[in-house]
Structure formats: structure tokens, C-alpha cells
>>> print(open('protein_6.cif').read())   # mmCIF, C-alpha atoms
data_structure
#
loop_
_atom_site.label_atom_id
_atom_site.label_comp_id
_atom_site.auth_asym_id
_atom_site.auth_seq_id
_atom_site.Cartn_x
_atom_site.Cartn_y
_atom_site.Cartn_z
CA MET A 1 318.34 -74.96 69.84
CA SER A 2 317.36 -74.51 73.48
CA VAL A 3 313.75 -73.76 74.38
CA ASP A 4 312.65 -71.98 77.53
CA ARG A 5 309.69 -74.19 78.32
CA GLY A 6 308.80 -72.23 81.43
CA ALA A 7 308.46 -68.97 79.50
CA SER A 8 305.51 -70.24 77.46
CA PHE A 9 303.88 -72.19 80.28
CA SER A 10 300.39 -71.15 81.42
CA TYR A 11 299.17 -72.65 84.70
CA GLU A 12 295.55 -71.86 83.83
CA GLU A 13 295.76 -73.55 80.44
CA ALA A 14 297.78 -76.53 81.64
CA PHE A 15 295.24 -77.49 84.30
CA ALA A 16 292.05 -76.25 82.63
CA ARG A 17 290.87 -79.83 82.10
CA ASN A 18 290.70 -80.29 85.89
CA LEU A 19 287.89 -77.72 85.91
CA GLY A 20 284.47 -79.23 86.29
CA TRP A 21 285.75 -81.74 88.82
CA VAL A 22 287.12 -78.74 90.73
CA THR A 23 285.98 -75.14 90.49
CA PRO A 24 288.30 -72.38 89.26
CA ALA A 25 288.55 -71.13 92.84
CA GLU A 26 289.47 -74.62 94.08
CA GLN A 27 292.13 -74.95 91.40
CA GLN A 28 293.71 -71.76 92.66
CA GLN A 29 293.54 -73.15 96.22
CA LEU A 30 295.45 -76.23 95.06
CA ARG A 31 298.06 -73.95 93.52
CA GLU A 32 298.73 -72.47 96.97
CA LYS A 33 298.86 -75.78 98.87
CA ARG A 34 302.01 -77.56 100.03
CA VAL A 35 302.45 -81.33 100.18
CA ALA A 36 305.29 -83.44 101.54
CA ILE A 37 306.35 -86.83 100.17
CA ALA A 38 309.03 -88.97 101.79
CA GLY A 39 310.35 -91.63 99.44
CA LEU A 40 310.27 -91.30 95.63
CA GLY A 41 310.45 -94.95 94.64
CA GLY A 42 307.57 -97.21 93.61
CA VAL A 43 304.71 -95.06 94.86
CA GLY A 44 306.36 -91.81 95.92
CA GLY A 45 307.48 -90.75 92.46
CA LEU A 46 304.03 -91.42 91.04
CA HIS A 47 302.46 -89.50 93.93
CA LEU A 48 304.55 -86.46 93.06
CA LEU A 49 303.67 -86.55 89.36
CA ALA A 50 299.96 -87.09 90.03
CA LEU A 51 299.97 -84.07 92.34
CA ALA A 52 301.93 -82.01 89.82
CA ARG A 53 299.22 -82.77 87.23
CA LEU A 54 296.59 -81.80 89.77
CA GLY A 55 298.22 -78.37 89.87
CA ILE A 56 299.64 -78.51 93.40
CA GLY A 57 301.94 -75.52 93.64
CA ASN A 58 304.38 -76.48 96.40
CA ALA A 59 306.05 -79.70 97.52
CA HIS A 60 308.73 -81.00 99.85
CA VAL A 61 310.26 -84.29 98.63
CA ALA A 62 312.86 -86.52 100.28
CA ASP A 63 314.85 -89.50 99.02
CA PHE A 64 318.51 -90.49 99.44
CA ASP A 65 318.54 -93.36 96.93
CA THR A 66 319.62 -93.68 93.28
CA PHE A 67 317.92 -95.56 90.46
CA ASP A 68 318.87 -99.17 89.85
CA ILE A 69 317.80 -101.61 87.15
CA ALA A 70 315.72 -103.54 89.72
CA ASN A 71 313.44 -100.47 89.88
CA PHE A 72 312.32 -100.76 86.25
CA ASN A 73 309.17 -102.82 86.85
CA ARG A 74 307.38 -100.15 88.90
CA GLN A 75 309.22 -96.85 89.47
CA VAL A 76 308.17 -94.03 87.17
CA GLY A 77 311.60 -92.37 87.16
CA ALA A 78 313.54 -95.57 86.43
CA SER A 79 314.93 -95.89 82.90
CA VAL A 80 318.21 -96.63 81.16
CA SER A 81 318.97 -92.92 81.01
CA THR A 82 318.49 -92.45 84.78
CA LEU A 83 320.50 -95.42 86.05
CA GLY A 84 322.65 -94.32 88.97
CA ARG A 85 321.04 -90.88 89.20
CA PRO A 86 319.45 -89.65 92.46
CA LYS A 87 315.73 -90.35 92.57
CA ALA A 88 314.96 -86.96 94.12
CA GLU A 89 316.81 -85.15 91.34
CA VAL A 90 315.13 -87.11 88.54
CA LEU A 91 311.62 -86.77 89.96
CA ALA A 92 312.08 -83.05 90.58
CA GLU A 93 312.97 -82.65 86.90
CA MET A 94 309.93 -84.69 85.85
CA ALA A 95 307.59 -82.67 88.07
CA HIS A 96 309.00 -79.40 86.72
CA ASP A 97 308.46 -80.65 83.16
CA ILE A 98 304.75 -80.94 84.04
CA ASN A 99 304.46 -77.80 86.16
CA PRO A 100 307.46 -75.46 85.79
CA GLY A 101 306.02 -73.17 88.42
CA MET A 102 305.88 -75.84 91.11
CA ALA A 103 308.02 -74.78 94.06
CA LEU A 104 309.96 -77.88 95.04
CA LYS A 105 312.16 -78.20 98.10
CA VAL A 106 314.31 -81.30 97.74
CA PHE A 107 315.83 -83.21 100.68
CA PRO A 108 318.47 -85.38 98.94
CA GLU A 109 319.56 -86.97 102.22
CA GLY A 110 316.07 -88.39 102.75
CA VAL A 111 313.92 -87.55 105.73
CA THR A 112 315.94 -87.69 108.95
CA ALA A 113 315.64 -86.68 112.58
CA ALA A 114 317.80 -83.63 111.78
CA ASN A 115 315.67 -82.31 108.91
CA LEU A 116 312.19 -83.49 109.92
CA ASP A 117 311.02 -80.09 111.15
CA ALA A 118 312.10 -78.41 107.91
CA PHE A 119 310.57 -81.21 105.85
CA LEU A 120 307.16 -80.72 107.47
CA ALA A 121 307.30 -76.91 107.79
CA ASP A 122 304.09 -75.27 106.49
CA VAL A 123 302.91 -78.57 104.97
CA ASP A 124 299.17 -79.08 104.42
CA VAL A 125 299.25 -82.85 103.91
CA TYR A 126 301.89 -85.59 104.09
CA ILE A 127 301.82 -88.55 101.68
CA ASP A 128 303.85 -91.62 102.55
CA GLY A 129 306.17 -93.00 99.87
CA LEU A 130 308.68 -94.72 102.13
CA ASP A 131 309.91 -98.25 101.56
CA PHE A 132 307.68 -100.84 103.27
CA PHE A 133 310.53 -101.77 105.59
CA ALA A 134 311.54 -98.19 106.59
CA PHE A 135 309.88 -98.42 109.98
CA GLU A 136 312.13 -96.06 111.93
CA ALA A 137 311.63 -93.22 109.45
CA ARG A 138 307.93 -93.94 109.02
CA GLU A 139 307.21 -93.99 112.76
CA ARG A 140 309.12 -90.74 113.19
CA VAL A 141 307.33 -88.93 110.36
CA PHE A 142 303.82 -90.06 111.28
CA ALA A 143 304.37 -89.14 114.93
CA ALA A 144 305.60 -85.68 113.93
CA CYS A 145 302.59 -85.21 111.62
CA TYR A 146 300.22 -86.15 114.41
CA GLU A 147 301.86 -83.74 116.85
CA ALA A 148 301.81 -80.93 114.28
CA GLY A 149 298.22 -81.57 113.21
CA ILE A 150 299.17 -82.54 109.64
CA PRO A 151 296.92 -85.08 107.88
CA ALA A 152 298.93 -88.10 106.72
CA VAL A 153 298.01 -90.50 103.92
CA THR A 154 299.50 -93.94 103.28
CA VAL A 155 298.51 -96.10 100.31
CA ALA A 156 300.39 -99.38 100.00
CA PRO A 157 300.85 -101.38 96.78
CA LEU A 158 299.87 -104.95 97.63
CA GLY A 159 299.91 -107.52 94.88
CA MET A 160 297.88 -105.91 92.10
CA GLY A 161 295.91 -103.62 94.36
CA ALA A 162 296.17 -100.73 96.79
CA ALA A 163 295.38 -100.36 100.49
CA LEU A 164 294.60 -96.97 102.04
CA VAL A 165 294.75 -95.74 105.63
CA ASN A 166 294.48 -92.04 106.50
CA PHE A 167 295.64 -90.51 109.78
CA ILE A 168 293.69 -87.36 110.51
CA PRO A 169 294.46 -84.92 113.36
CA GLY A 170 292.29 -85.56 116.40
CA LYS A 171 291.56 -89.17 115.40
CA MET A 172 293.51 -92.41 115.86
CA SER A 173 297.28 -92.04 115.51
CA PHE A 174 299.63 -94.23 113.50
CA GLU A 175 301.02 -95.88 116.65
CA ARG A 176 297.62 -96.50 118.24
CA TYR A 177 296.49 -98.19 115.04
CA PHE A 178 299.55 -100.29 114.10
CA ARG A 179 301.05 -100.85 117.60
CA VAL A 180 304.60 -101.24 116.28
CA LYS A 181 306.57 -99.43 118.96
CA GLY A 182 309.01 -101.60 120.89
CA VAL A 183 308.44 -104.84 118.97
CA SER A 184 310.92 -106.73 116.78
CA GLU A 185 311.55 -105.87 113.14
CA ALA A 186 309.82 -109.10 112.05
CA GLU A 187 306.76 -108.31 114.16
CA LYS A 188 306.61 -104.75 112.80
CA GLN A 189 306.48 -106.17 109.28
CA ILE A 190 303.50 -108.35 110.14
CA ARG A 191 301.63 -105.66 112.07
CA PHE A 192 302.13 -103.08 109.35
CA LEU A 193 301.04 -105.47 106.60
CA VAL A 194 297.92 -106.64 108.42
CA GLY A 195 297.04 -103.13 109.56
CA LEU A 196 297.17 -101.94 105.95
CA SER A 197 295.27 -104.94 104.66
CA PRO A 198 293.09 -106.63 107.32
CA ARG A 199 291.33 -108.69 104.61
CA MET A 200 294.63 -109.68 102.93
CA LEU A 201 292.96 -109.74 99.50
CA GLN A 202 296.29 -110.27 97.73
CA ARG A 203 297.35 -113.47 99.46
CA ASN A 204 295.30 -115.88 97.33
CA TYR A 205 297.07 -115.21 94.03
CA LEU A 206 300.73 -115.05 95.08
CA ALA A 207 302.12 -117.34 92.37
CA ASP A 208 305.51 -118.17 93.93
CA PRO A 209 306.04 -117.47 97.66
CA THR A 210 309.77 -118.22 97.38
CA PHE A 211 310.28 -114.68 96.05
CA VAL A 212 309.10 -113.23 99.39
CA ASP A 213 312.11 -112.65 101.63
CA PHE A 214 311.20 -110.62 104.73
CA ALA A 215 314.55 -111.29 106.37
CA ASN A 216 316.39 -109.49 103.58
CA ARG A 217 313.66 -106.88 103.05
CA ARG A 218 312.72 -108.12 99.61
CA GLY A 219 309.45 -109.00 97.99
CA PRO A 220 307.56 -109.02 94.69
CA SER A 221 305.91 -105.86 93.38
CA THR A 222 303.93 -104.64 90.38
CA GLY A 223 303.78 -101.35 88.53
CA MET A 224 299.98 -101.65 88.32
CA ALA A 225 299.64 -101.51 92.09
CA CYS A 226 301.85 -98.42 92.28
CA GLN A 227 299.76 -96.65 89.64
CA LEU A 228 296.58 -97.42 91.58
CA CYS A 229 298.17 -96.06 94.76
CA ALA A 230 299.01 -92.74 93.11
CA GLY A 231 295.45 -92.19 91.91
CA ILE A 232 294.04 -92.97 95.33
CA ALA A 233 296.58 -90.84 97.22
CA ALA A 234 296.06 -87.82 94.96
CA THR A 235 292.29 -88.14 95.37
CA GLU A 236 292.58 -88.29 99.15
CA ALA A 237 294.93 -85.29 99.08
CA LEU A 238 292.43 -83.33 96.98
CA LYS A 239 289.60 -84.04 99.43
CA ILE A 240 291.73 -83.14 102.43
CA LEU A 241 293.16 -79.98 100.89
CA LEU A 242 289.82 -78.68 99.65
CA GLY A 243 287.79 -79.87 102.63
CA ARG A 244 285.25 -81.71 100.51
CA GLY A 245 284.13 -85.30 100.05
CA PRO A 246 284.28 -88.17 102.55
CA VAL A 247 287.67 -88.85 104.10
CA SER A 248 288.00 -92.10 106.02
CA ALA A 249 290.48 -92.30 108.89
CA ALA A 250 292.06 -95.02 111.00
CA PRO A 251 290.80 -97.38 112.33
CA THR A 252 289.09 -97.65 108.92
CA SER A 253 291.09 -99.03 105.99
CA ILE A 254 290.10 -99.40 102.33
CA HIS A 255 291.60 -102.07 100.08
CA PHE A 256 290.93 -102.38 96.34
CA ASP A 257 292.35 -105.42 94.59
CA ALA A 258 292.24 -105.05 90.80
CA TYR A 259 293.26 -108.66 90.14
CA ARG A 260 290.24 -110.00 92.04
CA GLY A 261 287.97 -107.06 91.29
CA ILE A 262 287.16 -106.62 94.99
CA LEU A 263 286.82 -103.53 97.18
CA LYS A 264 286.72 -103.92 100.96
CA ARG A 265 286.25 -101.26 103.62
CA THR A 266 287.25 -102.54 107.06
CA ARG A 267 286.85 -100.89 110.45
CA ARG A 268 288.98 -102.26 113.28
CA PRO A 269 288.32 -100.35 116.54
CA TRP A 270 291.52 -100.36 118.64
CA GLY A 271 293.52 -101.13 115.49
CA ASN A 272 295.83 -104.10 115.87
CA ARG A 273 294.52 -104.64 119.39
CA ASN A 274 291.12 -105.54 117.98
CA PRO A 275 290.23 -109.20 118.78
CA ILE A 276 289.45 -109.98 115.13
CA GLN A 277 292.70 -108.34 114.09
CA GLN A 278 294.56 -110.47 116.61
CA ILE A 279 293.26 -113.57 114.84
CA VAL A 280 294.32 -112.19 111.45
CA LEU A 281 297.77 -111.38 112.85
CA ALA A 282 298.16 -114.93 114.16
CA LEU A 283 297.22 -116.36 110.76
CA ALA A 284 299.65 -113.97 109.03
CA ARG A 285 302.48 -115.00 111.36
CA ARG A 286 301.82 -118.64 110.52
CA GLN A 287 301.76 -117.95 106.78
CA ILE A 288 304.93 -115.86 106.90
CA ASP A 289 306.72 -118.49 108.98
CA ALA A 290 305.85 -121.03 106.29
CA ILE A 291 307.22 -118.72 103.60
CA LYS A 292 310.44 -118.27 105.58
CA GLN A 293 310.99 -122.02 105.56
CA ALA A 294 310.97 -122.13 101.75
CA PRO A 295 314.13 -121.45 99.67
CA GLN A 296 314.29 -117.74 98.79
CA GLN A 297 314.67 -116.47 95.24
CA GLY A 298 314.99 -112.75 96.12
CA GLY A 299 313.51 -109.72 94.47
CA ALA A 300 312.73 -106.01 94.80
CA SER A 301 310.62 -104.49 97.53
CA ASP A 302 310.75 -100.74 97.90
CA ARG A 303 307.59 -98.74 97.44
#
>>> encode(input="protein_6.cif", output="C-alpha cells")
Amino acid sequence: MSVDRGASFSYEEAFARNLGWVTPAEQQQLREKRVAIAGLGGVGGLHLLALARLGIGNAHVADFDTFDIANFNRQVGASVSTLGRPKAEVLAEMAHDINPGMALKVFPEGVTAANLDAFLADVDVYIDGLDFFAFEARERVFAACYEAGIPAVTVAPLGMGAALVNFIPGKMSFERYFRVKGVSEAEKQIRFLVGLSPRMLQRNYLADPTFVDFANRRGPSTGMACQLCAGIAATEALKILLGRGPVSAAPTSIHFDAYRGILKRTRRPWGNRNPIQQIVLALARRQIDAIKQAPQQGGASDR
């Protein structure tokens, strides 16, 4: 027997338990807001579902990939039943199971130069879910957000923690903070990693560095870190969308490491040009060079 789940769905009842932390009027505001998420892998899929449970009414999502067994340790849409299926299709179904009234515009080709304007059209906040190594797409999206005045949130899963940097219109841009334009792929990896995590809280408990393979865009990951990222990103989105609560912005980063039980807020004026940051970058280059010399085991990497 088929059941029309949407017919019996009540938005007000489904999200009534949000009330208290938000007012009824704010919940209705969230229903009218539009978010964009590029990448629906390790963090992006969880971002979408967290926002669906928050009662966000509209979303643009982009991903060109399909689920593989290597995604099982961290990606919310990855299961035996979804192997080989498009991530965007699966996550859209999951979001609609939570909020059937959510208006979803899916970009199954991923976010590209050709569809970027449509992807960001009428968007209130962008949340980054792209693979760590997707620098071309990430630079393009963050630059477009900055030009259009769209707040952009990135929360990276690092080890067993999460590192947050927000890019708010009128403040420091993605490029001014990370300084990745025109440098090599290897240097972009280091600058992005250190910019996200100036304190590098995760480096002390990496059990086996041979599973880190920057050359082949592979590295270890955990589902715990991805879950933490989703909670942080949804909270930042709520504050931005409702205009309430403190919202930090680059050159400030926030890193919480659950394994070590440490929270660090770091401010680096001039971003990766900061003298202290230059020292951290030099140390990171040395550490990564040492890792590259070790035999590589391989692994999964995408966010």
C-alpha cells in the first residue's frame, strides 16, 4: 500500500520542538530562507539534513558524484542500497523525507562556471561541502559569493574535530585570507589546511601518517568530525539568517577538537600573510614533506 507522506505532513508540528530556541516568527523566517550547498559528500549531505530539520524551506544543492563503498565511514547517504546512485538524488530524497515541503533545486552536474549564477540566485547563505581538494570550484564559488554579497560558511572535518571560518560580505574575502591564487596545487593544500586550522590541533594524534596521500588527493577521515561540522554549520547559518548571535568572520577561525577536548579561537590579521601564520606554514610544509617520503597506504578524502 502506498502512503502519501506529504499529504499528512504539518510544517508547524514537525518543527515545533525548535520553538523556544527560536521564536514562532523566526521559524517562519527560516521557512522562507534559501541556502546553497555545493558538495553532498562527507559534510555536505549532513549539512543539508541538519538544515532540513531546522525547517529551512528552500535549498540549492550541487554534486556530480555517485556513492561508493569508500564513503561508508562518514557520508550520511552512503549505504548498500545507495551504491552507485547519484549523491544529489539520494540526499534530495532524504531531505524531502524530513521536510516534504522543502523546495530543492538540484544541480546534478555539480557547481560549474556555466551554472554558478543559477546556483547562487536568490541565495541567503552558502555552505561549503566541496571536497578538500576541489580548489578550482571552491575559489570560484567563494569569489562569486563575495561579489554578490552572500555570506559563506566553511567547516572542515579535521581528525576528530571541526574547524570553522566564515566569510561575511564587507569583511576579509576567501582569497585575502587563504592566498591560494596562482600557487601550485601542493601549496594550495598546505595554505588551505593551515588557514582552516592555524593551531593544527589534530596533528598530534594521527596514528599512521602513511595513510595521508596528498599527491593522490587521499587522506583519512572520520564520521564524527563530519557530524560535528554539520551542527556547527547549521548553527552559523541560523545566526546569519536570523541576524542574531555572534558571527565570527575571517581572519578569525574557530577549531574544536573532540578527541583532545580543546576549543581554540585564532585571529590571524592578514590571513596567511600573517608572520605567525608564515611560521606555521613552514612547519606544515616540513611535516607534509616528511609524510610524502613515507610509503603510502591510500584512503578516502572527500568532505
>>> atom_distance(input="protein_6.cif", atom1="atom CA of A:Gln29", atom2="atom CA of A:Ala14")
15.6 Å
>>> resolve_selection(input="protein_6.cif", expression="the PyMOL selection byres ((chain A and resi 130) around 10)", output="list in words")
Ile37, Ala38, Gly39, Leu40, Gly41, Gly42, Val43, Gly44, Ala62, Asp63, Gly110, Val111, Ile127, Asp128, Gly129, Asp131, Phe132, Phe133, Ala134, Phe135, Ala137, Arg138, Thr154, Ala156, Asp302 and Arg303 of chain A
>>> closest_residue(input="protein_6.cif", among="A:Arg217, A:Arg199, A:Lys105, A:Arg244", to="A:Ile276", atoms="all atoms listed in the file")
A:Arg199
>>> closest_residue(input="protein_6.cif", among="A:Gly261, A:Gly159, A:Pro251, A:Pro86", to="A:Cys226", atoms="only C-alpha atoms")
A:Gly159
>>> resolve_selection(input="protein_6.cif", expression="the PyMOL selection byres ((chain A and resi 266) around 12)", output="ChimeraX atom specification")
/A:163-165,194-201,248-256,263-265,267-269,271,274,276-277
>>> write_last_selection(input="protein_6.cif", atoms="C-alpha atoms", output="PDB file, in the frame of the given file")
ATOM      1  CA  ALA A 163     295.380-100.360 100.490  1.00  0.00           C
ATOM      2  CA  LEU A 164     294.600 -96.970 102.040  1.00  0.00           C
ATOM      3  CA  VAL A 165     294.750 -95.740 105.630  1.00  0.00           C
ATOM      4  CA  VAL A 194     297.920-106.640 108.420  1.00  0.00           C
ATOM      5  CA  GLY A 195     297.040-103.130 109.560  1.00  0.00           C
ATOM      6  CA  LEU A 196     297.170-101.940 105.950  1.00  0.00           C
ATOM      7  CA  SER A 197     295.270-104.940 104.660  1.00  0.00           C
ATOM      8  CA  PRO A 198     293.090-106.630 107.320  1.00  0.00           C
ATOM      9  CA  ARG A 199     291.330-108.690 104.610  1.00  0.00           C
ATOM     10  CA  MET A 200     294.630-109.680 102.930  1.00  0.00           C
ATOM     11  CA  LEU A 201     292.960-109.740  99.500  1.00  0.00           C
ATOM     12  CA  SER A 248     288.000 -92.100 106.020  1.00  0.00           C
ATOM     13  CA  ALA A 249     290.480 -92.300 108.890  1.00  0.00           C
ATOM     14  CA  ALA A 250     292.060 -95.020 111.000  1.00  0.00           C
ATOM     15  CA  PRO A 251     290.800 -97.380 112.330  1.00  0.00           C
ATOM     16  CA  THR A 252     289.090 -97.650 108.920  1.00  0.00           C
ATOM     17  CA  SER A 253     291.090 -99.030 105.990  1.00  0.00           C
ATOM     18  CA  ILE A 254     290.100 -99.400 102.330  1.00  0.00           C
ATOM     19  CA  HIS A 255     291.600-102.070 100.080  1.00  0.00           C
ATOM     20  CA  PHE A 256     290.930-102.380  96.340  1.00  0.00           C
ATOM     21  CA  LEU A 263     286.820-103.530  97.180  1.00  0.00           C
ATOM     22  CA  LYS A 264     286.720-103.920 100.960  1.00  0.00           C
ATOM     23  CA  ARG A 265     286.250-101.260 103.620  1.00  0.00           C
ATOM     24  CA  ARG A 267     286.850-100.890 110.450  1.00  0.00           C
ATOM     25  CA  ARG A 268     288.980-102.260 113.280  1.00  0.00           C
ATOM     26  CA  PRO A 269     288.320-100.350 116.540  1.00  0.00           C
ATOM     27  CA  GLY A 271     293.520-101.130 115.490  1.00  0.00           C
ATOM     28  CA  ASN A 274     291.120-105.540 117.980  1.00  0.00           C
ATOM     29  CA  ILE A 276     289.450-109.980 115.130  1.00  0.00           C
ATOM     30  CA  GLN A 277     292.700-108.340 114.090  1.00  0.00           C
TER      31      GLN A 277
END
>>> closest_residue(input="protein_6.cif", among="A:Thr112, A:Leu158, A:Phe15, A:Ala52", to="A:Gln227", atoms="all atoms listed in the file")
A:Leu158
>>> closest_residue(input="protein_6.cif", among="A:Ala70, A:Ala92, A:Ser10, A:Gly57", to="A:Arg218", atoms="all atoms listed in the file")
A:Ala70
>>> closest_residue(input="protein_6.cif", among="A:Glu147, A:Glu136, A:Glu32, A:Asp68", to="A:Ser184", atoms="all atoms listed in the file")
A:Glu136
>>> atom_distance(input="protein_6.cif", atom1="atom CA of A:Leu120", atom2="atom CA of A:Gly149")
10.7 Å
>>> closest_residue(input="protein_6.cif", among="A:Leu49, A:Leu54, A:Met94, A:Ala114", to="A:Glu12", atoms="all atoms listed in the file")
A:Leu54
>>> atom_distance(input="protein_6.cif", atom1="atom CA of A:Gly84", atom2="atom CA of A:Pro157")
24.2 Å
>>> resolve_selection(input="protein_6.cif", expression="the PyMOL selection byres ((chain A and resi 280-291) around 7)", output="list in words")
Ile190, Arg191, Val194, Pro209, Thr210, Ile276, Gln277, Gln278, Ile279, Lys292, Gln293 and Ala294 of chain A
>>> write_last_selection(input="protein_6.cif", atoms="C-alpha atoms", output="CSV table (one decimal), in the frame of the given file")
chain,number,residue,atom,x,y,z
A,190,ILE,CA,303.5,-108.4,110.1
A,191,ARG,CA,301.6,-105.7,112.1
A,194,VAL,CA,297.9,-106.6,108.4
A,209,PRO,CA,306.0,-117.5,97.7
A,210,THR,CA,309.8,-118.2,97.4
A,276,ILE,CA,289.4,-110.0,115.1
A,277,GLN,CA,292.7,-108.3,114.1
A,278,GLN,CA,294.6,-110.5,116.6
A,279,ILE,CA,293.3,-113.6,114.8
A,292,LYS,CA,310.4,-118.3,105.6
A,293,GLN,CA,311.0,-122.0,105.6
A,294,ALA,CA,311.0,-122.1,101.8
>>> residues_near_point(input="protein_6.cif", point="(301.2, -100.9, 119.1)", cutoff="10 Å", atoms="all atoms listed in the file", output="list in words")
Phe174, Glu175, Arg176, Tyr177, Phe178, Arg179, Val180, Lys181, Gly182, Val183, Lys188, Arg191, Trp270, Gly271, Asn272 and Arg273 of chain A
>>> build_atoms(input="protein_6.cif", residues="stretch 236-264 of chain A", atoms="N, CA and C atoms", output="short mmCIF file (atom, residue, chain, number, x, y, z; two decimals), in the frame of the given file")
data_model
loop_
_atom_site.label_atom_id
_atom_site.label_comp_id
_atom_site.auth_asym_id
_atom_site.auth_seq_id
_atom_site.Cartn_x
_atom_site.Cartn_y
_atom_site.Cartn_z
N GLU A 236 292.70 -88.58 97.72
CA GLU A 236 292.58 -88.29 99.15
C GLU A 236 293.17 -86.92 99.47
N ALA A 237 294.31 -86.60 98.85
CA ALA A 237 294.93 -85.29 99.08
C ALA A 237 294.00 -84.17 98.64
N LEU A 238 293.37 -84.34 97.46
CA LEU A 238 292.43 -83.33 96.98
C LEU A 238 291.31 -83.10 97.99
N LYS A 239 290.71 -84.17 98.49
CA LYS A 239 289.60 -84.04 99.43
C LYS A 239 290.04 -83.36 100.72
N ILE A 240 291.22 -83.73 101.20
CA ILE A 240 291.73 -83.14 102.43
C ILE A 240 292.05 -81.66 102.23
N LEU A 241 292.72 -81.36 101.13
CA LEU A 241 293.16 -79.98 100.89
C LEU A 241 292.00 -79.03 100.63
N LEU A 242 290.95 -79.53 99.98
CA LEU A 242 289.82 -78.68 99.65
C LEU A 242 288.68 -78.79 100.67
N GLY A 243 288.82 -79.72 101.61
CA GLY A 243 287.79 -79.87 102.63
C GLY A 243 286.46 -80.32 102.08
N ARG A 244 286.49 -81.23 101.10
CA ARG A 244 285.25 -81.71 100.51
C ARG A 244 285.33 -83.21 100.24
N GLY A 245 284.17 -83.86 100.29
CA GLY A 245 284.13 -85.30 100.05
C GLY A 245 284.44 -86.07 101.31
N PRO A 246 284.03 -87.35 101.36
CA PRO A 246 284.28 -88.17 102.55
C PRO A 246 285.74 -88.56 102.66
N VAL A 247 286.29 -88.43 103.84
CA VAL A 247 287.67 -88.85 104.10
C VAL A 247 287.65 -89.84 105.25
N SER A 248 287.95 -91.10 104.96
CA SER A 248 288.00 -92.10 106.02
C SER A 248 289.29 -91.93 106.81
N ALA A 249 289.29 -92.41 108.03
CA ALA A 249 290.48 -92.30 108.89
C ALA A 249 290.60 -93.57 109.72
N ALA A 250 291.84 -93.88 110.12
CA ALA A 250 292.06 -95.02 111.00
C ALA A 250 291.13 -94.87 112.22
N PRO A 251 290.49 -95.97 112.62
CA PRO A 251 290.80 -97.38 112.33
C PRO A 251 290.11 -97.98 111.10
N THR A 252 289.67 -97.15 110.17
CA THR A 252 289.09 -97.65 108.92
C THR A 252 290.17 -97.74 107.84
N SER A 253 290.19 -98.86 107.13
CA SER A 253 291.09 -99.03 105.99
C SER A 253 290.26 -99.39 104.77
N ILE A 254 290.78 -99.07 103.59
CA ILE A 254 290.10 -99.40 102.33
C ILE A 254 291.10 -100.11 101.44
N HIS A 255 290.71 -101.27 100.92
CA HIS A 255 291.60 -102.07 100.08
C HIS A 255 290.87 -102.41 98.79
N PHE A 256 291.45 -101.99 97.65
CA PHE A 256 290.93 -102.38 96.34
C PHE A 256 291.94 -103.30 95.68
N ASP A 257 291.49 -104.48 95.29
CA ASP A 257 292.35 -105.42 94.59
C ASP A 257 291.87 -105.56 93.15
N ALA A 258 292.64 -105.04 92.20
CA ALA A 258 292.24 -105.05 90.80
C ALA A 258 292.26 -106.45 90.21
N TYR A 259 293.16 -107.30 90.67
CA TYR A 259 293.26 -108.66 90.14
C TYR A 259 291.98 -109.44 90.43
N ARG A 260 291.45 -109.29 91.65
CA ARG A 260 290.24 -110.00 92.04
C ARG A 260 288.97 -109.19 91.81
N GLY A 261 289.13 -107.90 91.51
CA GLY A 261 287.97 -107.06 91.29
C GLY A 261 287.14 -106.86 92.55
N ILE A 262 287.83 -106.70 93.69
CA ILE A 262 287.16 -106.62 94.99
C ILE A 262 287.56 -105.34 95.70
N LEU A 263 286.59 -104.69 96.32
CA LEU A 263 286.82 -103.53 97.18
C LEU A 263 286.29 -103.85 98.57
N LYS A 264 287.13 -103.66 99.58
CA LYS A 264 286.72 -103.92 100.96
C LYS A 264 287.05 -102.72 101.83
#
